[in-house]
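Structure below is data25.cif: mmCIF, C-alpha atoms and all ligand atoms.
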data_work
#
loop_
_atom_site.label_atom_id
_atom_site.label_comp_id
_atom_site.auth_asym_id
_atom_site.auth_seq_id
_atom_site.Cartn_x
_atom_site.Cartn_y
_atom_site.Cartn_z
CA MET Z 6 127.92 -70.34 28.61
CA VAL Z 7 131.18 -71.40 26.97
CA ASP Z 8 134.12 -69.14 27.87
CA PRO Z 9 135.98 -68.55 24.57
CA SER Z 10 139.27 -67.79 26.34
CA ALA Z 11 138.99 -71.09 28.23
CA VAL Z 12 138.46 -72.88 24.90
CA LEU Z 13 141.50 -71.16 23.42
CA ARG Z 14 143.55 -71.98 26.49
CA SER Z 15 142.54 -75.64 26.43
CA GLY Z 16 143.37 -75.73 22.70
CA LEU Z 17 146.80 -74.36 23.45
CA MET Z 18 147.27 -76.85 26.27
CA GLY Z 19 146.45 -79.61 23.75
CA LEU Z 20 149.15 -78.23 21.47
CA SER Z 21 151.70 -78.59 24.25
CA ARG Z 22 151.29 -82.37 23.94
CA ASN Z 23 151.27 -82.52 20.11
CA THR Z 24 154.69 -83.67 18.91
CA LYS Z 25 154.13 -82.79 15.22
CA VAL Z 26 153.23 -79.20 16.08
CA ARG Z 27 156.18 -79.11 18.44
CA ASP Z 28 158.59 -80.06 15.64
CA VAL Z 29 157.28 -77.28 13.40
CA VAL Z 30 157.35 -74.66 16.17
CA GLU Z 31 160.88 -75.57 17.27
CA LYS Z 32 162.19 -75.06 13.74
CA ALA Z 33 160.34 -71.82 12.97
CA PRO Z 34 162.66 -68.77 13.06
CA VAL Z 35 160.01 -66.64 14.79
CA SER Z 36 159.96 -69.07 17.74
CA LYS Z 37 163.34 -67.86 18.92
CA ASP Z 38 162.06 -64.41 19.92
CA VAL Z 39 158.97 -65.77 21.64
CA VAL Z 40 161.03 -68.34 23.52
CA LYS Z 41 163.52 -65.69 24.60
CA ARG Z 42 160.74 -63.74 26.27
CA PHE Z 43 159.80 -66.51 28.72
CA VAL Z 44 162.77 -68.90 28.82
CA ALA Z 45 166.45 -68.14 29.55
CA GLY Z 46 167.64 -70.51 26.83
CA THR Z 47 168.59 -74.14 26.53
CA SER Z 48 171.99 -74.29 28.27
CA THR Z 49 173.46 -73.80 31.75
CA GLU Z 50 175.35 -70.80 30.33
CA ASP Z 51 172.03 -69.23 29.33
CA ALA Z 52 170.68 -69.69 32.87
CA VAL Z 53 173.82 -68.15 34.38
CA ARG Z 54 173.73 -65.23 31.91
CA VAL Z 55 170.09 -64.38 32.74
CA SER Z 56 170.77 -64.78 36.49
CA ARG Z 57 173.62 -62.27 36.15
CA GLU Z 58 171.40 -59.82 34.26
CA LEU Z 59 168.72 -60.05 36.96
CA ASP Z 60 171.33 -59.65 39.69
CA VAL Z 61 172.61 -56.47 38.04
CA GLU Z 62 169.00 -55.21 37.96
CA GLY Z 63 168.72 -55.81 41.72
CA LYS Z 64 166.40 -58.82 41.43
CA LEU Z 65 166.74 -62.25 42.98
CA ALA Z 66 166.20 -65.40 40.90
CA THR Z 67 165.13 -68.99 41.21
CA ILE Z 68 166.14 -71.24 38.32
CA ASP Z 69 164.11 -74.15 37.01
CA PHE Z 70 165.64 -76.81 34.76
CA LEU Z 71 162.70 -77.68 32.52
CA GLY Z 72 161.62 -81.29 32.44
CA GLU Z 73 158.55 -83.03 33.84
CA ASP Z 74 157.00 -86.47 33.58
CA THR Z 75 160.23 -88.33 34.22
CA LEU Z 76 159.44 -92.00 33.74
CA GLU Z 77 162.96 -93.35 33.41
CA ARG Z 78 165.63 -93.42 36.07
CA ALA Z 79 168.30 -92.19 33.64
CA GLN Z 80 166.24 -89.06 32.95
CA ALA Z 81 165.90 -88.37 36.68
CA ILE Z 82 169.67 -88.70 37.09
CA HIS Z 83 170.19 -86.39 34.12
CA THR Z 84 167.96 -83.76 35.78
CA ARG Z 85 169.78 -84.08 39.11
CA ASP Z 86 173.13 -83.68 37.36
CA ALA Z 87 171.88 -80.64 35.43
CA TYR Z 88 171.08 -78.96 38.77
CA LEU Z 89 174.46 -79.92 40.26
CA ASP Z 90 176.20 -78.46 37.23
CA LEU Z 91 174.02 -75.33 37.34
CA LEU Z 92 174.73 -74.72 41.05
CA ALA Z 93 178.47 -75.10 40.50
CA GLU Z 94 178.38 -72.62 37.60
CA LEU Z 95 176.24 -70.13 39.52
CA ALA Z 96 178.61 -70.34 42.50
CA ASP Z 97 181.65 -69.82 40.22
CA ALA Z 98 179.91 -66.71 38.90
CA CYS Z 99 179.46 -65.49 42.55
CA LEU Z 100 175.67 -65.38 42.20
CA THR Z 101 174.57 -67.78 44.92
CA ASP Z 102 175.81 -66.29 48.20
CA GLY Z 103 173.03 -65.12 50.49
CA GLY Z 104 170.53 -67.01 48.33
CA ARG Z 105 170.52 -64.33 45.61
CA VAL Z 106 170.05 -67.02 42.99
CA GLU Z 107 168.52 -70.29 44.15
CA VAL Z 108 166.94 -73.24 42.32
CA SER Z 109 163.39 -74.57 42.01
CA VAL Z 110 162.95 -78.30 41.50
CA LYS Z 111 160.03 -80.55 40.61
CA LEU Z 112 160.14 -83.89 42.41
CA SER Z 113 158.47 -85.50 39.37
CA ALA Z 114 161.50 -84.51 37.29
CA LEU Z 115 163.73 -86.15 39.93
CA GLY Z 116 161.87 -89.47 39.67
CA GLN Z 117 158.95 -89.18 42.14
CA ALA Z 118 156.63 -91.05 39.74
CA LEU Z 119 159.02 -93.89 38.91
CA PRO Z 120 157.18 -97.18 39.44
CA LYS Z 121 159.78 -98.64 41.76
CA ASP Z 122 161.00 -96.58 44.76
CA GLY Z 123 160.07 -93.29 43.05
CA ARG Z 124 159.65 -91.35 46.29
CA LYS Z 125 162.92 -92.65 47.73
CA ILE Z 126 164.82 -91.88 44.52
CA SER Z 127 163.43 -88.35 44.20
CA LEU Z 128 164.28 -87.69 47.87
CA GLU Z 129 167.86 -88.85 47.33
CA HIS Z 130 168.20 -86.67 44.23
CA ALA Z 131 166.67 -83.67 45.98
CA ARG Z 132 169.04 -84.22 48.91
CA SER Z 133 172.06 -84.12 46.57
CA ILE Z 134 170.80 -80.85 45.11
CA CYS Z 135 170.23 -79.39 48.60
CA GLU Z 136 173.79 -80.38 49.57
CA ALA Z 137 175.19 -78.64 46.48
CA ALA Z 138 173.02 -75.58 47.16
CA ALA Z 139 174.21 -75.40 50.78
CA ILE Z 140 177.86 -75.57 49.64
CA ALA Z 141 177.09 -72.76 47.17
CA GLY Z 142 175.47 -70.70 49.97
CA THR Z 143 171.98 -70.85 48.57
CA THR Z 144 168.64 -72.68 48.82
CA VAL Z 145 166.27 -75.02 47.00
CA THR Z 146 162.50 -74.66 46.65
CA LEU Z 147 160.32 -77.69 45.87
CA ASP Z 148 157.76 -76.73 43.23
CA MET Z 149 154.27 -78.11 43.89
CA GLU Z 150 152.57 -80.24 41.23
CA ASP Z 151 149.09 -81.77 41.01
CA HIS Z 152 147.14 -82.58 44.18
CA THR Z 153 147.90 -86.31 44.07
CA THR Z 154 151.51 -85.42 44.94
CA THR Z 155 150.88 -82.81 47.66
CA ASP Z 156 151.26 -85.16 50.65
CA ALA Z 157 154.31 -86.89 49.19
CA THR Z 158 155.95 -83.55 48.40
CA LEU Z 159 155.29 -82.16 51.90
CA GLU Z 160 156.70 -85.36 53.42
CA THR Z 161 159.83 -85.03 51.29
CA LEU Z 162 160.04 -81.38 52.35
CA ALA Z 163 159.90 -82.39 56.03
CA GLU Z 164 162.69 -84.94 55.45
CA LEU Z 165 164.89 -82.42 53.67
CA ARG Z 166 164.27 -79.71 56.25
CA LYS Z 167 165.83 -81.92 58.96
CA ASP Z 168 169.22 -81.25 57.34
CA PHE Z 169 168.41 -78.22 55.18
CA PRO Z 170 165.90 -76.13 57.16
CA ASP Z 171 165.82 -73.40 54.53
CA THR Z 172 164.35 -75.66 51.83
CA GLY Z 173 161.38 -73.79 50.38
CA ALA Z 174 157.83 -75.15 50.14
CA VAL Z 175 155.14 -74.24 47.62
CA LEU Z 176 151.44 -74.13 48.53
CA GLN Z 177 148.59 -73.60 46.06
CA ALA Z 178 145.68 -71.38 47.05
CA TYR Z 179 143.23 -73.22 44.78
CA LEU Z 180 143.43 -76.30 47.04
CA ARG Z 181 140.86 -76.40 49.84
CA ARG Z 182 143.46 -77.83 52.25
CA THR Z 183 145.98 -75.01 51.80
CA GLU Z 184 144.96 -72.67 54.62
CA GLY Z 185 145.67 -75.54 57.04
CA ASP Z 186 149.00 -76.27 55.35
CA CYS Z 187 149.90 -72.58 55.68
CA ARG Z 188 149.24 -72.75 59.44
CA ASP Z 189 151.44 -75.86 59.71
CA LEU Z 190 154.28 -74.20 57.77
CA ALA Z 191 154.16 -70.66 59.19
CA TYR Z 192 156.96 -71.28 61.67
CA GLU Z 193 160.27 -69.47 62.09
CA GLY Z 194 162.68 -69.94 59.21
CA SER Z 195 160.10 -71.66 57.02
CA ARG Z 196 160.20 -70.38 53.45
CA VAL Z 197 156.80 -70.79 51.79
CA ARG Z 198 155.91 -69.77 48.24
CA LEU Z 199 152.19 -69.16 47.89
CA CYS Z 200 150.79 -69.39 44.35
CA LYS Z 201 147.27 -69.85 42.98
CA GLY Z 202 148.02 -73.23 41.39
CA ALA Z 203 148.49 -74.26 37.78
CA HIS Z 204 146.95 -77.72 37.38
CA ALA Z 205 143.48 -78.94 36.41
CA GLU Z 206 142.07 -80.21 39.71
CA PRO Z 207 138.72 -81.82 40.66
CA ALA Z 208 136.15 -79.78 42.60
CA SER Z 209 136.43 -82.23 45.50
CA VAL Z 210 139.88 -80.85 46.35
CA ALA Z 211 140.08 -77.44 44.69
CA PHE Z 212 138.14 -74.22 44.19
CA ALA Z 213 137.34 -73.69 40.50
CA ASP Z 214 135.88 -70.21 40.70
CA LYS Z 215 138.46 -67.44 40.28
CA GLY Z 216 136.84 -65.32 43.01
CA GLU Z 217 137.00 -68.21 45.48
CA ILE Z 218 140.63 -68.94 44.61
CA ASP Z 219 141.55 -65.28 45.09
CA MET Z 220 139.69 -65.15 48.41
CA ASN Z 221 141.50 -68.26 49.62
CA TYR Z 222 144.80 -66.78 48.44
CA VAL Z 223 144.24 -63.75 50.65
CA LYS Z 224 143.25 -65.94 53.65
CA CYS Z 225 146.40 -68.05 53.19
CA MET Z 226 148.58 -65.00 52.69
CA ARG Z 227 147.23 -63.52 55.92
CA VAL Z 228 148.23 -66.69 57.81
CA LEU Z 229 151.74 -66.58 56.34
CA MET Z 230 152.22 -62.84 56.85
CA GLU Z 231 151.00 -63.05 60.48
CA GLY Z 232 153.18 -66.11 61.11
CA GLU Z 233 156.86 -66.48 61.90
CA GLY Z 234 158.01 -67.81 58.54
CA TYR Z 235 159.25 -66.24 55.32
CA PRO Z 236 156.37 -65.77 52.83
CA MET Z 237 157.13 -65.75 49.10
CA ILE Z 238 154.19 -64.15 47.30
CA ALA Z 239 154.13 -65.68 43.80
CA SER Z 240 151.52 -63.86 41.76
CA HIS Z 241 151.20 -61.36 38.90
CA ASP Z 242 147.80 -60.30 40.13
CA PRO Z 243 147.82 -56.55 40.94
CA ARG Z 244 145.23 -56.99 43.71
CA ILE Z 245 147.21 -59.76 45.39
CA VAL Z 246 150.40 -57.70 45.17
CA GLU Z 247 148.68 -54.71 46.71
CA ILE Z 248 147.13 -56.73 49.55
CA ALA Z 249 150.50 -58.40 50.21
CA GLY Z 250 152.05 -54.95 50.69
CA SER Z 251 149.29 -53.90 53.11
CA LEU Z 252 149.58 -57.13 55.11
CA ALA Z 253 153.34 -56.72 55.34
CA THR Z 254 152.93 -53.18 56.68
CA LYS Z 255 150.16 -54.23 59.09
CA ASN Z 256 152.33 -57.03 60.48
CA LEU Z 257 155.39 -54.75 60.74
CA ARG Z 258 157.36 -56.96 58.37
CA ALA Z 259 160.73 -55.61 57.28
CA PRO Z 260 161.31 -55.70 53.49
CA ASP Z 261 163.81 -58.55 53.93
CA SER Z 262 161.30 -60.75 55.80
CA PHE Z 263 159.25 -61.68 52.71
CA GLU Z 264 159.51 -61.50 48.94
CA TYR Z 265 157.47 -61.13 45.77
CA GLN Z 266 157.94 -63.68 43.02
CA MET Z 267 157.01 -63.49 39.33
CA LEU Z 268 157.80 -65.49 36.22
CA TYR Z 269 160.55 -64.45 33.82
CA GLY Z 270 159.09 -62.27 31.06
CA ILE Z 271 155.80 -61.54 32.84
CA ARG Z 272 155.04 -58.02 34.12
CA PRO Z 273 158.71 -56.93 33.99
CA ASN Z 274 157.72 -53.29 34.64
CA GLU Z 275 155.88 -54.32 37.80
CA GLN Z 276 158.91 -56.36 38.89
CA ARG Z 277 161.02 -53.20 38.40
CA ARG Z 278 158.54 -51.01 40.28
CA LEU Z 279 158.46 -53.37 43.28
CA ALA Z 280 162.25 -53.68 43.38
CA ASP Z 281 162.72 -49.90 43.06
CA ALA Z 282 160.36 -49.44 46.01
CA GLY Z 283 162.81 -51.45 48.16
CA ASN Z 284 161.08 -54.84 48.02
CA GLN Z 285 162.74 -58.15 47.36
CA VAL Z 286 161.63 -59.51 43.99
CA ARG Z 287 162.58 -62.98 42.85
CA VAL Z 288 162.14 -63.98 39.21
CA TYR Z 289 161.42 -67.62 38.35
CA VAL Z 290 163.61 -68.45 35.35
CA PRO Z 291 163.11 -71.65 33.35
CA TYR Z 292 165.75 -73.01 30.99
CA GLY Z 293 166.56 -76.24 29.16
CA ASP Z 294 165.73 -78.19 26.02
CA GLU Z 295 162.24 -79.01 27.28
CA TRP Z 296 161.01 -75.43 26.77
CA TYR Z 297 158.15 -76.24 24.39
CA GLY Z 298 155.50 -77.43 26.89
CA TYR Z 299 156.36 -74.62 29.30
CA LEU Z 300 156.12 -72.01 26.57
CA VAL Z 301 152.72 -73.17 25.34
CA ARG Z 302 151.39 -73.15 28.92
CA ARG Z 303 152.66 -69.57 29.34
CA MET Z 304 150.97 -68.50 26.11
CA ALA Z 305 147.75 -70.20 27.24
CA ASN Z 306 147.80 -67.98 30.35
CA ASP Z 307 149.24 -64.86 28.79
CA ARG Z 308 147.15 -61.71 29.02
CA ARG Z 309 147.70 -60.97 25.34
CA THR Z 310 146.30 -64.38 24.42
CA ARG Z 311 143.34 -63.77 26.74
CA ARG Z 312 142.64 -60.40 25.15
CA SER Z 313 142.72 -61.79 21.64
CA SER Z 314 139.86 -64.09 22.58
CA CYS Z 315 137.53 -61.33 23.82
CA VAL Z 316 134.06 -61.23 22.26
CA ARG Z 317 132.33 -57.93 22.41
C1 LIG Z 401 157.29 -67.53 40.87
C2 LIG Z 401 156.16 -68.46 40.57
C3 LIG Z 401 156.28 -69.81 40.89
C4 LIG Z 401 155.21 -70.67 40.66
N1 LIG Z 401 155.31 -71.97 41.07
C5 LIG Z 401 154.24 -72.79 40.94
C6 LIG Z 401 154.25 -74.11 41.47
O1 LIG Z 401 155.23 -74.59 42.05
N2 LIG Z 401 153.14 -74.87 41.32
C7 LIG Z 401 152.01 -74.39 40.67
O2 LIG Z 401 151.01 -75.12 40.58
N3 LIG Z 401 151.99 -73.15 40.14
C8 LIG Z 401 153.06 -72.34 40.25
N4 LIG Z 401 153.02 -71.08 39.73
C9 LIG Z 401 151.90 -70.68 38.82
C10 LIG Z 401 150.74 -70.12 39.59
O3 LIG Z 401 150.13 -71.14 40.34
C11 LIG Z 401 149.69 -69.48 38.66
O4 LIG Z 401 149.22 -70.44 37.76
C12 LIG Z 401 150.18 -68.30 37.86
O5 LIG Z 401 151.10 -67.53 38.58
C13 LIG Z 401 148.99 -67.41 37.46
O6 LIG Z 401 148.37 -66.86 38.61
P1 LIG Z 401 148.54 -65.34 39.03
O7 LIG Z 401 148.41 -65.26 40.51
O8 LIG Z 401 149.82 -64.83 38.52
O9 LIG Z 401 147.36 -64.53 38.36
P2 LIG Z 401 146.07 -64.90 37.49
O10 LIG Z 401 144.94 -65.29 38.40
O11 LIG Z 401 146.45 -65.83 36.39
O12 LIG Z 401 145.76 -63.48 36.89
C14 LIG Z 401 145.30 -62.43 37.73
C15 LIG Z 401 145.74 -61.09 37.13
O13 LIG Z 401 147.18 -61.02 37.13
C16 LIG Z 401 147.62 -60.30 35.98
N5 LIG Z 401 148.37 -61.22 35.11
C17 LIG Z 401 148.41 -62.56 35.20
N6 LIG Z 401 149.19 -63.08 34.24
C18 LIG Z 401 149.63 -62.04 33.51
C19 LIG Z 401 150.45 -61.93 32.34
N7 LIG Z 401 150.96 -62.99 31.74
N8 LIG Z 401 150.71 -60.70 31.87
C20 LIG Z 401 150.18 -59.60 32.47
N9 LIG Z 401 149.40 -59.65 33.56
C21 LIG Z 401 149.11 -60.85 34.06
C22 LIG Z 401 146.36 -59.86 35.25
O14 LIG Z 401 146.00 -58.58 35.73
C23 LIG Z 401 145.34 -60.90 35.68
O15 LIG Z 401 144.01 -60.45 35.57
C24 LIG Z 401 154.04 -70.18 40.01
C25 LIG Z 401 153.92 -68.83 39.68
C26 LIG Z 401 154.95 -67.97 39.97
C27 LIG Z 401 154.79 -66.51 39.66
#
As structure tokens, how would this structure be written, given the file I've shared?
Amino acid sequence: MVDPSAVLRSGLMGLSRNTKVRDVVEKAPVSKDVVKRFVAGTSTEDAVRVSRELDVEGKLATIDFLGEDTLERAQAIHTRDAYLDLLAELADACLTDGGRVEVSVKLSALGQALPKDGRKISLEHARSICEAAAIAGTTVTLDMEDHTTTDATLETLAELRKDFPDTGAVLQAYLRRTEGDCRDLAYEGSRVRLCKGAHAEPASVAFADKGEIDMNYVKCMRVLMEGEGYPMIASHDPRIVEIAGSLATKNLRAPDSFEYQMLYGIRPNEQRRLADAGNQVRVYVPYGDEWYGYLVRRMANDRRTRRSSCVR
């Protein structure tokens, strides 16, 4: 049977690539409020302002400069420079020490897919960002993209960790390989964000069924929580959050030995509740001119959008 919410979501995903619709949406006055809910804004100042607000609320942050599918070297350099500028501004605002505000980067935005020397170029750019983050007293996490980039991203991670051991990894529970990757990365000092995964993947490499993905998430989380590393539990799922808490207690983990992560604008009350209970909560904050695709993807996965597609 056709799942109407899946149809709606795929329709919305199609919209994210439609430039005519994008032009209309960007100019509509109502867009501003919707954008503000999920995106810090377009400028570095916006990212710093939201980081400060979260800091005052007792939350940690990781900032993402929006921009994917970089197919030109100049664009990759622009993205690198945006991060260097951001880190300098965050440090000036005294927000980076102790890793309170860190940055998340996509290697594709730093040039990983460039036809000539893409992997080398993205590694060099990521290294520059790690250097700037270290000077600012904070860390970098490498976002994970579709499965064709998993090996390359983990290899880049290993390279970066030689000089910057606190560089964060991201693993996706929908991939069949991930439990093994969790075992490999559950060593002392290793920061690992576990998420479900956000890309359309073939059945040969990924679970498609929600129940199977959730089950694998719990298996992977168990490996990370029992291990020596620093798990970063990135999910809005109430069951996952609850099981994470139980696993932390069972493994005698202190509140500062792991963290919860959620996206900016999603389940803010739950973020507050977790932080008030003494947990570390890090909010993933996107900003930049390229907000349109991100916003449409958020709406495609938003609970309100899902509800509106219910058939009784
Ligand atoms: C901090 C962070 C970083 C991420 N980084 C990456 C990355 O690098 N690579 C990648 O592929 N993916 C990344 N993701 C996305 C992730 O893979 C999932 O696609 C996304 O988080 C949705 O999965 P979920 O676990 O939140 O819950 P889902 O399985 O989508 O939903 C489960 C339940 O959670 C609750 N819920 C979910 N969304 C909402 C909402 N909008 N409002 C209210 N309740 C909601 C509902 O109760 C829902 O039934 C990241 C996610 C987060 C939070």
Self-check item: At most 9 Å from ligand LIG 401 (chain Z) (all atoms listed in the file): residue list as a ChimeraX atom specification
Solution: /Z:67,109-111,146-151,174-179,198-204,215,218-219,222,237-245,265-272,287-290,303-304,306-310
Expected axis-aligned box over every listed atom of stretch 272-276 of chain Z, 8 Å added per side, centre plus edges in Å to one decimal, as AutoDock Vina command-line options:
--center_x 157.0 --center_y -55.7 --center_z 36.4 --size_x 19.9 --size_y 20.7 --size_z 20.9
Exercise. Could you tell me how far atom CA of Z:Glu295 lies from atom CA of Z:Phe43, in Å and to one decimal?
Key: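 Computing it gives 12.8 Å between the two atoms.
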Practice problem: Tell me, as a PyMOL selection string, which residues lie within 10 Å of Z:Val108, counting all atoms listed in the file; anything in the same chain fewer than 4 positions away does not count. | Solution: chain Z and resi 66-70+88+91-92+101+104+134-135+138+143-148+173+289-291
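Remark: for Z:Cys99, the closest of the candidate residues Z:Ala213, Z:Met220, Z:Ala141, Z:Ala52 is Z:Ala141 (distances computed over all atoms listed in the file).
When all atoms listed in the file are used to compute distances to Z:Glu233, the closest of the residues Z:Gly216, Z:Ser251, Z:Cys187, Z:Ala208 turns out to be Z:Cys187.
Here atom CA of Z:Leu65 is placed at a distance of 9.7 Å from atom CA of Z:Ala280.
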Quiz prompt | Selection: 9 Å around Z:Tyr192, all atoms listed in the file, excl. self and same-chain fewer than 6 positions, as JSON, numbers by chain | solution = {"Z": [229, 232, 233, 234, 235]}
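Among the candidates Z:Asp261, Z:Glu94, Z:Pro273, Z:Pro236, the one nearest to Z:Ala249 when counting all atoms listed in the file is Z:Pro236.
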Fix up stretch 163-184 of chain Z with N, CA and C atoms, then write it as a PDB file, in the coordinates of the input.
ATOM      1  N   ALA Z 163     159.607 -82.215  54.598  1.00  0.00           N
ATOM      2  CA  ALA Z 163     159.900 -82.390  56.030  1.00  0.00           C
ATOM      3  C   ALA Z 163     161.218 -83.149  56.211  1.00  0.00           C
ATOM      4  N   GLU Z 164     161.429 -84.176  55.391  1.00  0.00           N
ATOM      5  CA  GLU Z 164     162.690 -84.940  55.450  1.00  0.00           C
ATOM      6  C   GLU Z 164     163.885 -84.032  55.168  1.00  0.00           C
ATOM      7  N   LEU Z 165     163.775 -83.274  54.082  1.00  0.00           N
ATOM      8  CA  LEU Z 165     164.890 -82.420  53.670  1.00  0.00           C
ATOM      9  C   LEU Z 165     165.168 -81.334  54.701  1.00  0.00           C
ATOM     10  N   ARG Z 166     164.083 -80.806  55.302  1.00  0.00           N
ATOM     11  CA  ARG Z 166     164.270 -79.710  56.250  1.00  0.00           C
ATOM     12  C   ARG Z 166     165.017 -80.137  57.517  1.00  0.00           C
ATOM     13  N   LYS Z 167     165.061 -81.468  57.784  1.00  0.00           N
ATOM     14  CA  LYS Z 167     165.830 -81.920  58.960  1.00  0.00           C
ATOM     15  C   LYS Z 167     167.298 -81.503  58.804  1.00  0.00           C
ATOM     16  N   ASP Z 168     167.814 -81.616  57.577  1.00  0.00           N
ATOM     17  CA  ASP Z 168     169.220 -81.250  57.340  1.00  0.00           C
ATOM     18  C   ASP Z 168     169.370 -79.886  56.667  1.00  0.00           C
ATOM     19  N   PHE Z 169     168.344 -79.484  55.924  1.00  0.00           N
ATOM     20  CA  PHE Z 169     168.410 -78.220  55.180  1.00  0.00           C
ATOM     21  C   PHE Z 169     167.143 -77.416  55.499  1.00  0.00           C
ATOM     22  N   PRO Z 170     167.139 -76.760  56.690  1.00  0.00           N
ATOM     23  CA  PRO Z 170     165.900 -76.130  57.160  1.00  0.00           C
ATOM     24  C   PRO Z 170     165.398 -75.010  56.251  1.00  0.00           C
ATOM     25  N   ASP Z 171     166.280 -74.495  55.390  1.00  0.00           N
ATOM     26  CA  ASP Z 171     165.820 -73.400  54.530  1.00  0.00           C
ATOM     27  C   ASP Z 171     165.236 -73.877  53.199  1.00  0.00           C
ATOM     28  N   THR Z 172     164.988 -75.171  53.065  1.00  0.00           N
ATOM     29  CA  THR Z 172     164.350 -75.660  51.830  1.00  0.00           C
ATOM     30  C   THR Z 172     162.946 -75.059  51.716  1.00  0.00           C
ATOM     31  N   GLY Z 173     162.654 -74.491  50.564  1.00  0.00           N
ATOM     32  CA  GLY Z 173     161.380 -73.790  50.380  1.00  0.00           C
ATOM     33  C   GLY Z 173     160.250 -74.738  49.998  1.00  0.00           C
ATOM     34  N   ALA Z 174     159.047 -74.410  50.497  1.00  0.00           N
ATOM     35  CA  ALA Z 174     157.830 -75.150  50.140  1.00  0.00           C
ATOM     36  C   ALA Z 174     157.014 -74.311  49.181  1.00  0.00           C
ATOM     37  N   VAL Z 175     156.116 -74.977  48.432  1.00  0.00           N
ATOM     38  CA  VAL Z 175     155.140 -74.240  47.620  1.00  0.00           C
ATOM     39  C   VAL Z 175     153.750 -74.727  47.993  1.00  0.00           C
ATOM     40  N   LEU Z 176     152.842 -73.786  48.260  1.00  0.00           N
ATOM     41  CA  LEU Z 176     151.440 -74.130  48.530  1.00  0.00           C
ATOM     42  C   LEU Z 176     150.556 -73.425  47.511  1.00  0.00           C
ATOM     43  N   GLN Z 177     149.460 -74.106  47.138  1.00  0.00           N
ATOM     44  CA  GLN Z 177     148.590 -73.600  46.060  1.00  0.00           C
ATOM     45  C   GLN Z 177     147.241 -73.180  46.627  1.00  0.00           C
ATOM     46  N   ALA Z 178     146.900 -71.911  46.436  1.00  0.00           N
ATOM     47  CA  ALA Z 178     145.680 -71.380  47.050  1.00  0.00           C
ATOM     48  C   ALA Z 178     144.407 -71.998  46.487  1.00  0.00           C
ATOM     49  N   TYR Z 179     144.468 -72.632  45.303  1.00  0.00           N
ATOM     50  CA  TYR Z 179     143.230 -73.220  44.780  1.00  0.00           C
ATOM     51  C   TYR Z 179     142.850 -74.507  45.524  1.00  0.00           C
ATOM     52  N   LEU Z 180     143.760 -75.084  46.285  1.00  0.00           N
ATOM     53  CA  LEU Z 180     143.430 -76.300  47.040  1.00  0.00           C
ATOM     54  C   LEU Z 180     142.711 -75.943  48.341  1.00  0.00           C
ATOM     55  N   ARG Z 181     141.647 -76.675  48.639  1.00  0.00           N
ATOM     56  CA  ARG Z 181     140.860 -76.400  49.840  1.00  0.00           C
ATOM     57  C   ARG Z 181     141.687 -76.602  51.112  1.00  0.00           C
ATOM     58  N   ARG Z 182     142.677 -77.482  51.065  1.00  0.00           N
ATOM     59  CA  ARG Z 182     143.460 -77.830  52.250  1.00  0.00           C
ATOM     60  C   ARG Z 182     144.507 -76.759  52.610  1.00  0.00           C
ATOM     61  N   THR Z 183     144.757 -75.811  51.697  1.00  0.00           N
ATOM     62  CA  THR Z 183     145.980 -75.010  51.800  1.00  0.00           C
ATOM     63  C   THR Z 183     146.040 -74.075  53.013  1.00  0.00           C
ATOM     64  N   GLU Z 184     144.890 -73.555  53.451  1.00  0.00           N
ATOM     65  CA  GLU Z 184     144.960 -72.670  54.620  1.00  0.00           C
ATOM     66  C   GLU Z 184     145.550 -73.434  55.810  1.00  0.00           C
TER      67      GLU Z 184
END
